[in-house]
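Visitor: Can you read through this structure? Questions will come right after.
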Amino acid sequence: MAIQFNFLSSMLILVLLSISSVEGSGGGGGGVIDVVAKFGAKADEKTDLSKPLLDAWKEACASTSPSKIVIPKGIYFLSTATLDGPCKAPIELQVQGTVKAPADPGAFKEPKWIAFNRIENFKLSGGGVFDGQGTTAYKREGCKDGIHIGRSDGVNVLNSEIKTGDDCVSIGDGSKNLVINGVTCGPGHGISISSLGLFKNEEPVDGVTVKNCTMTNTSNGVRIKTWPGAEPGTCSNIHFEDITVTNEESKVKLSNISFKNIHGTSARPEAIKIICSATLPCENVELADIEITHSGPTGPAVSQCLNVKPKVSGKQNPAVCFAPIPAKPTPTA
């Protein structure tokens with residue numbers, strides 16, 4: 001399940017998730033809309049929050065003065081919600097409680113849970129939690145959790161904690177002037193500018209800064225992912241700085257694994273990389289008839305191994321476990 005931001009040409013957008021609690025609901029005046037007090041939302045983990053939230057959004061979006069929608073403390077069930085603009089004035093959605101997704105991913109007709117579209121001057125705050133019920137969703141193919149931002153201008157993701165089975169934040173085409181600061185990510189894939197060049201007529205990605213972030217047990221940390229031989233596009237003015245990456249050693253024992261008759265070309269020189277845990281080495285690994293080549297400025301294809309002694313048969317190119325291991329190798333097993 002995903003939280004999706006698609007603001008088009010929005011400006012001065014601030015997104016704050018899972019920070020320490022800020023001011024209370026403030027009552028019913030001053031442009032504050034309480035979904036419980038005004039629209040009957042119930043924090044009972046079974047009554048759908050969708051209609052009260054959409055009703056509150058409709059009222060706030062039509063207002064000509066700034067509004068704040070408050071979801072008070074408690075645990076709420078939300079089937080799905082798409083909050084559309086454009087709106088007439090700034091809106092803040094303050095989530096103080098926990099909003100939970102359906103436990104069954106089959107309940108979703110589209111690969112998104114909450115979407116914010118075509119909004120300017122929007123703020124998401126409050127110290128609350130969006131619980132995507134990930135332990136259930138991860139078992140289903142195609143269930144991407146996390147936050148996706150695309151075709152948006154001026155989005156800030158600040159002081160947030162994101163745990164997911166995919167990208168904590170995925171950044172798609174058309175993202176401009178994006179700042180991700182103070183995010184703790186993991187487990188998950190990391191923070192990614194991803195899948196660029198997959199579709200026709202993609203818009204440029206320009207001006208992305210990711211800083212002061214911590215990646216814990218993520219498979220990639222921070223990355224830019226493009227599709228080879230696909231559609232043209234541009235990605236520029238990207239800055240990753242002050243990033244801390246930590247990975248705990250795997251506690252999964254791997255054994256009786258075979259790789260047979262694998263051939264082709266590798267985009268990276270490390271065509272074969274079997275990096276296993278020092279406390280739980282891989283056992284009974286077999287490599288048979290491997291032919292993988294790489295051509296590039298860094299040299300030919302290589303094979304790296306750690307804490308494994310594979311059984312080898314047939315042709316082997318590159319030579320098995322021949323290349324040296326870096327001081328801190330990226331774990332694959």
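For the structure tokens, the naming scheme is as follows: chains receive sequential letters (A, B, ...) according to their order of presentation, residues are indexed from 1 within each chain, and ligands are indexed from 1 in presentation order.
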Which residues come within 10 Å of stretch 315-325 of chain A, counting only C-alpha atoms, excluding same-chain residues fewer than 5 positions away, as a list in words?
Guide: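 Final neighbour list, sorted by chain and number: Asn261, Ile262, His263, Pro269, Glu270, Ala271, Ile272, Lys273, Ile274, Ile275, Leu287, Ala288, Asp289, Ile290, Glu291, Ile292, Thr293, His294, Pro300, Ala301, Val302, Ser303, Gln304, Cys305, Leu306, Val308, Lys309, Pro310 and Thr330 of chain A.
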Visitor: Restricting the output to N, CA, C and O atoms, write the selected residues as an mmCIF file, in the first residue's frame.
Guide:
```
data_model
loop_
_atom_site.group_PDB
_atom_site.id
_atom_site.type_symbol
_atom_site.label_atom_id
_atom_site.label_comp_id
_atom_site.auth_asym_id
_atom_site.auth_seq_id
_atom_site.Cartn_x
_atom_site.Cartn_y
_atom_site.Cartn_z
ATOM 1 N N ASN A 261 23.471 -23.071 -15.774
ATOM 2 C CA ASN A 261 23.247 -22.652 -17.162
ATOM 3 C C ASN A 261 22.744 -21.204 -17.238
ATOM 4 O O ASN A 261 21.669 -20.918 -17.746
ATOM 5 N N ILE A 262 23.539 -20.301 -16.723
ATOM 6 C CA ILE A 262 23.212 -18.876 -16.729
ATOM 7 C C ILE A 262 24.207 -18.167 -17.633
ATOM 8 O O ILE A 262 25.426 -18.304 -17.451
ATOM 9 N N HIS A 263 23.696 -17.417 -18.620
ATOM 10 C CA HIS A 263 24.591 -16.760 -19.562
ATOM 11 C C HIS A 263 24.006 -15.431 -20.009
ATOM 12 O O HIS A 263 22.795 -15.206 -19.941
ATOM 13 N N PRO A 269 30.419 -4.764 -13.233
ATOM 14 C CA PRO A 269 31.523 -5.727 -13.305
ATOM 15 C C PRO A 269 31.342 -6.907 -12.360
ATOM 16 O O PRO A 269 31.822 -8.013 -12.647
ATOM 17 N N GLU A 270 30.631 -6.708 -11.222
ATOM 18 C CA GLU A 270 30.400 -7.820 -10.285
ATOM 19 C C GLU A 270 29.271 -8.688 -10.820
ATOM 20 O O GLU A 270 28.121 -8.612 -10.373
ATOM 21 N N ALA A 271 29.609 -9.529 -11.784
ATOM 22 C CA ALA A 271 28.594 -10.368 -12.426
ATOM 23 C C ALA A 271 28.071 -11.433 -11.471
ATOM 24 O O ALA A 271 26.905 -11.819 -11.520
ATOM 25 N N ILE A 272 28.927 -11.928 -10.608
ATOM 26 C CA ILE A 272 28.546 -12.940 -9.613
ATOM 27 C C ILE A 272 29.001 -12.441 -8.251
ATOM 28 O O ILE A 272 30.176 -12.109 -8.057
ATOM 29 N N LYS A 273 28.065 -12.365 -7.321
ATOM 30 C CA LYS A 273 28.398 -11.895 -5.968
ATOM 31 C C LYS A 273 27.611 -12.713 -4.966
ATOM 32 O O LYS A 273 26.388 -12.600 -4.874
ATOM 33 N N ILE A 274 28.312 -13.550 -4.224
ATOM 34 C CA ILE A 274 27.675 -14.376 -3.200
ATOM 35 C C ILE A 274 28.303 -13.992 -1.871
ATOM 36 O O ILE A 274 29.381 -14.447 -1.508
ATOM 37 N N ILE A 275 27.634 -13.102 -1.158
ATOM 38 C CA ILE A 275 28.144 -12.584 0.114
ATOM 39 C C ILE A 275 27.269 -13.139 1.234
ATOM 40 O O ILE A 275 26.095 -12.785 1.335
ATOM 41 N N LEU A 287 27.473 -23.913 -8.536
ATOM 42 C CA LEU A 287 27.529 -23.083 -9.734
ATOM 43 C C LEU A 287 27.915 -23.971 -10.906
ATOM 44 O O LEU A 287 28.992 -24.572 -10.908
ATOM 45 N N ALA A 288 27.037 -24.037 -11.906
ATOM 46 C CA ALA A 288 27.290 -24.919 -13.044
ATOM 47 C C ALA A 288 27.037 -24.187 -14.357
ATOM 48 O O ALA A 288 25.961 -23.603 -14.547
ATOM 49 N N ASP A 289 28.039 -24.174 -15.225
ATOM 50 C CA ASP A 289 27.913 -23.609 -16.573
ATOM 51 C C ASP A 289 27.441 -22.148 -16.529
ATOM 52 O O ASP A 289 26.318 -21.825 -16.905
ATOM 53 N N ILE A 290 28.334 -21.292 -16.085
ATOM 54 C CA ILE A 290 28.056 -19.858 -15.979
ATOM 55 C C ILE A 290 28.897 -19.115 -17.015
ATOM 56 O O ILE A 290 30.121 -19.296 -17.071
ATOM 57 N N GLU A 291 28.274 -18.293 -17.832
ATOM 58 C CA GLU A 291 28.975 -17.507 -18.851
ATOM 59 C C GLU A 291 28.363 -16.109 -18.880
ATOM 60 O O GLU A 291 27.334 -15.861 -19.518
ATOM 61 N N ILE A 292 28.981 -15.186 -18.136
ATOM 62 C CA ILE A 292 28.486 -13.808 -18.054
ATOM 63 C C ILE A 292 29.647 -12.862 -18.345
ATOM 64 O O ILE A 292 30.719 -12.957 -17.731
ATOM 65 N N THR A 293 29.442 -11.943 -19.246
ATOM 66 C CA THR A 293 30.493 -11.005 -19.621
ATOM 67 C C THR A 293 30.094 -9.581 -19.260
ATOM 68 O O THR A 293 28.920 -9.275 -19.080
ATOM 69 N N HIS A 294 31.098 -8.735 -19.162
ATOM 70 C CA HIS A 294 30.888 -7.305 -18.903
ATOM 71 C C HIS A 294 31.943 -6.524 -19.663
ATOM 72 O O HIS A 294 33.126 -6.891 -19.664
ATOM 73 N N PRO A 300 36.753 -6.367 -17.037
ATOM 74 C CA PRO A 300 35.857 -7.484 -17.343
ATOM 75 C C PRO A 300 35.026 -7.906 -16.136
ATOM 76 O O PRO A 300 35.210 -7.410 -15.020
ATOM 77 N N ALA A 301 34.112 -8.832 -16.369
ATOM 78 C CA ALA A 301 33.259 -9.351 -15.303
ATOM 79 C C ALA A 301 34.089 -10.091 -14.261
ATOM 80 O O ALA A 301 35.101 -10.723 -14.573
ATOM 81 N N VAL A 302 33.649 -9.990 -13.002
ATOM 82 C CA VAL A 302 34.344 -10.676 -11.917
ATOM 83 C C VAL A 302 33.332 -11.425 -11.057
ATOM 84 O O VAL A 302 32.123 -11.184 -11.116
ATOM 85 N N SER A 303 33.860 -12.321 -10.227
ATOM 86 C CA SER A 303 33.047 -13.110 -9.305
ATOM 87 C C SER A 303 33.580 -12.916 -7.897
ATOM 88 O O SER A 303 34.784 -13.043 -7.645
ATOM 89 N N GLN A 304 32.683 -12.576 -6.959
ATOM 90 C CA GLN A 304 33.067 -12.335 -5.573
ATOM 91 C C GLN A 304 32.312 -13.280 -4.641
ATOM 92 O O GLN A 304 31.110 -13.510 -4.828
ATOM 93 N N CYS A 305 33.015 -13.806 -3.653
ATOM 94 C CA CYS A 305 32.387 -14.708 -2.688
ATOM 95 C C CYS A 305 32.905 -14.410 -1.289
ATOM 96 O O CYS A 305 34.060 -14.008 -1.108
ATOM 97 N N LEU A 306 32.040 -14.611 -0.297
ATOM 98 C CA LEU A 306 32.427 -14.442 1.095
ATOM 99 C C LEU A 306 31.621 -15.405 1.952
ATOM 100 O O LEU A 306 30.388 -15.479 1.831
ATOM 101 N N VAL A 308 31.432 -18.633 1.844
ATOM 102 C CA VAL A 308 30.799 -19.684 1.055
ATOM 103 C C VAL A 308 31.873 -20.376 0.235
ATOM 104 O O VAL A 308 32.829 -19.732 -0.219
ATOM 105 N N LYS A 309 31.751 -21.677 0.076
ATOM 106 C CA LYS A 309 32.659 -22.459 -0.762
ATOM 107 C C LYS A 309 31.812 -23.239 -1.768
ATOM 108 O O LYS A 309 31.404 -24.377 -1.508
ATOM 109 N N PRO A 310 31.507 -22.610 -2.896
ATOM 110 C CA PRO A 310 30.591 -23.252 -3.839
ATOM 111 C C PRO A 310 31.207 -24.455 -4.544
ATOM 112 O O PRO A 310 32.416 -24.512 -4.784
ATOM 113 N N THR A 330 28.501 -5.264 -0.010
ATOM 114 C CA THR A 330 27.045 -5.213 0.048
ATOM 115 C C THR A 330 26.523 -6.638 0.180
ATOM 116 O O THR A 330 26.804 -7.483 -0.672
#
```
Visitor: Run DSSP on the backbone and give me the residues of stretch 26-80 of chain A it puts in helix (DSSP H, G or I), as a VMD selection string.
Guide: chain A and resid 50 to 62
Visitor: Go ahead and save the picked residues with C-alpha atoms, as a compact mmCIF listing (two decimals), in the first residue's frame.
Guide:
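To be explicit, this is the file written out as selection07.txt:
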```txt
# COMPACT_ATOMS: atom_id res chain seq x y z
CA SER A 50 -12.94 7.40 4.32
CA LYS A 51 -16.23 9.35 4.25
CA PRO A 52 -15.52 11.60 7.27
CA LEU A 53 -12.07 12.40 5.86
CA LEU A 54 -13.39 13.11 2.37
CA ASP A 55 -16.20 15.26 3.77
CA ALA A 56 -13.69 17.24 5.83
CA TRP A 57 -11.44 17.59 2.79
CA LYS A 58 -14.32 18.83 0.65
CA GLU A 59 -15.14 21.53 3.18
CA ALA A 60 -11.51 22.59 3.61
CA CYS A 61 -10.84 22.59 -0.12
CA ALA A 62 -13.78 24.92 -0.75
```
Visitor: What is the distance between atom CA of A:Pro281 and atom CA of A:Thr265, in Å to one decimal?
Guide: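 Separating atom CA of A:Pro281 from atom CA of A:Thr265 is a distance of 28.0 Å.
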Visitor: Which residue is closest to A:Asn201? Choose from A:Thr218, A:Pro111, A:Thr234, A:Val179 and count only C-alpha atoms.
Guide: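 Using only C-alpha atoms, the shortest distance to A:Asn201 belongs to A:Thr234.
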Visitor: Skip A:Ile91 itself and residues of its chain fewer than 6 positions away, then list as a list in words all residues within 6 Å of it, counting only C-alpha atoms.
Guide: Pro66, Ser67, Lys68 and Phe122 of chain A
Visitor: Using only C-alpha atoms for the distances, tell me which of A:Val70, A:Ala107, A:Thr47, A:Gly146 is nearest to A:Gly31.
Guide: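 Using only C-alpha atoms, A:Gly31 sits closest to A:Val70.
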Visitor: Nearest to A:Lys112: which of A:Glu241, A:Glu92, A:Asp166, A:Asp145 is it, counting only C-alpha atoms?
Guide: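 Among the listed residues, A:Asp145 lies closest to A:Lys112.
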Visitor: Calculated over only C-alpha atoms, which of the candidates A:Ile149, A:Val99, A:Ala89, A:Ile238 has the smallest distance to A:Glu120?
Guide: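 Once distances to A:Glu120 are computed over only C-alpha atoms, the minimum belongs to A:Ala89.
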Visitor: In Å, how far is it from atom CA of A:His148 to atom CA of A:Leu196?
Guide: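 These atoms are spaced 13.4 Å apart.
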Visitor: Separation of atom CA of A:Ser160 and atom CA of A:Phe130, in Å?
Guide: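 Calculated distance between atom CA of A:Ser160 and atom CA of A:Phe130 is 11.1 Å.
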Visitor: Neighbouring residues of A:Val169 were defined as those with any atom within 10 Å, considering only C-alpha atoms; residues of the same chain fewer than 4 positions away were excluded. Please report them as a list in words.
Guide: Ala2, Ile3, Gln4, Asp145, Gly146, Ile147, His148, Ile149, Val157, Ile162, Thr164, Ile180, Val183, Cys185, Gly188, His189, Gly190, Ile191, Ser192, Ile193, Ser194 and Val222 of chain A
Visitor: Could you pull out all residues of stretch 21-269 of chain A with a DSSP call of strand (DSSP E or B) and give them as an MDAnalysis selection string?
Guide: chainID A and resid 32:34 48 67:71 75:77 81:84 91:95 98:100 114:117 122:125 129:131 146:149 153 155:158 161:162 167:171 176:181 184:185 188 190:196 205:216 218 222:226 235:246 255:265
Visitor: Pick out the residues sitting within 9 Å of A:Lys38, and hand them over as a PyMOL selection string; count only C-alpha atoms, and ignore anything fewer than 3 positions along from it in its own chain.
Guide: chain A and resi 28+33-35+41+52+56
Visitor: Could you write out the selected residues, including C-alpha atoms, as a PDB file, in the first residue's frame?
Guide:
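Final output, part17.pdb:
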```
ATOM      1  CA  GLY A  28     -13.802  23.748  16.317  1.00  0.00           C
ATOM      2  CA  ILE A  33     -12.061  20.754  11.197  1.00  0.00           C
ATOM      3  CA  ASP A  34     -12.109  17.781  13.569  1.00  0.00           C
ATOM      4  CA  VAL A  35     -13.146  14.619  11.715  1.00  0.00           C
ATOM      5  CA  ALA A  41     -15.238   9.485  12.588  1.00  0.00           C
ATOM      6  CA  PRO A  52     -15.516  11.601   7.269  1.00  0.00           C
ATOM      7  CA  ALA A  56     -13.693  17.238   5.827  1.00  0.00           C
TER       8      ALA A  56
END
```
Visitor: Near A:Asp206, counting only C-alpha atoms, which residues have an atom at most 9 Å away, once you skip same-chain residues fewer than 4 positions from it, shown as a list in words?
Guide: Gly174, Ser175, Lys176, Asn177, Leu178, Thr234, Cys235, Ser236, Asn237 and Ile238 of chain A
Visitor: A:Arg118, A:Lys100, A:Lys109, A:Lys46: which is nearest A:Arg151, counting only C-alpha atoms?
Guide: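 Of all the options, A:Arg118 lies closest to A:Arg151.
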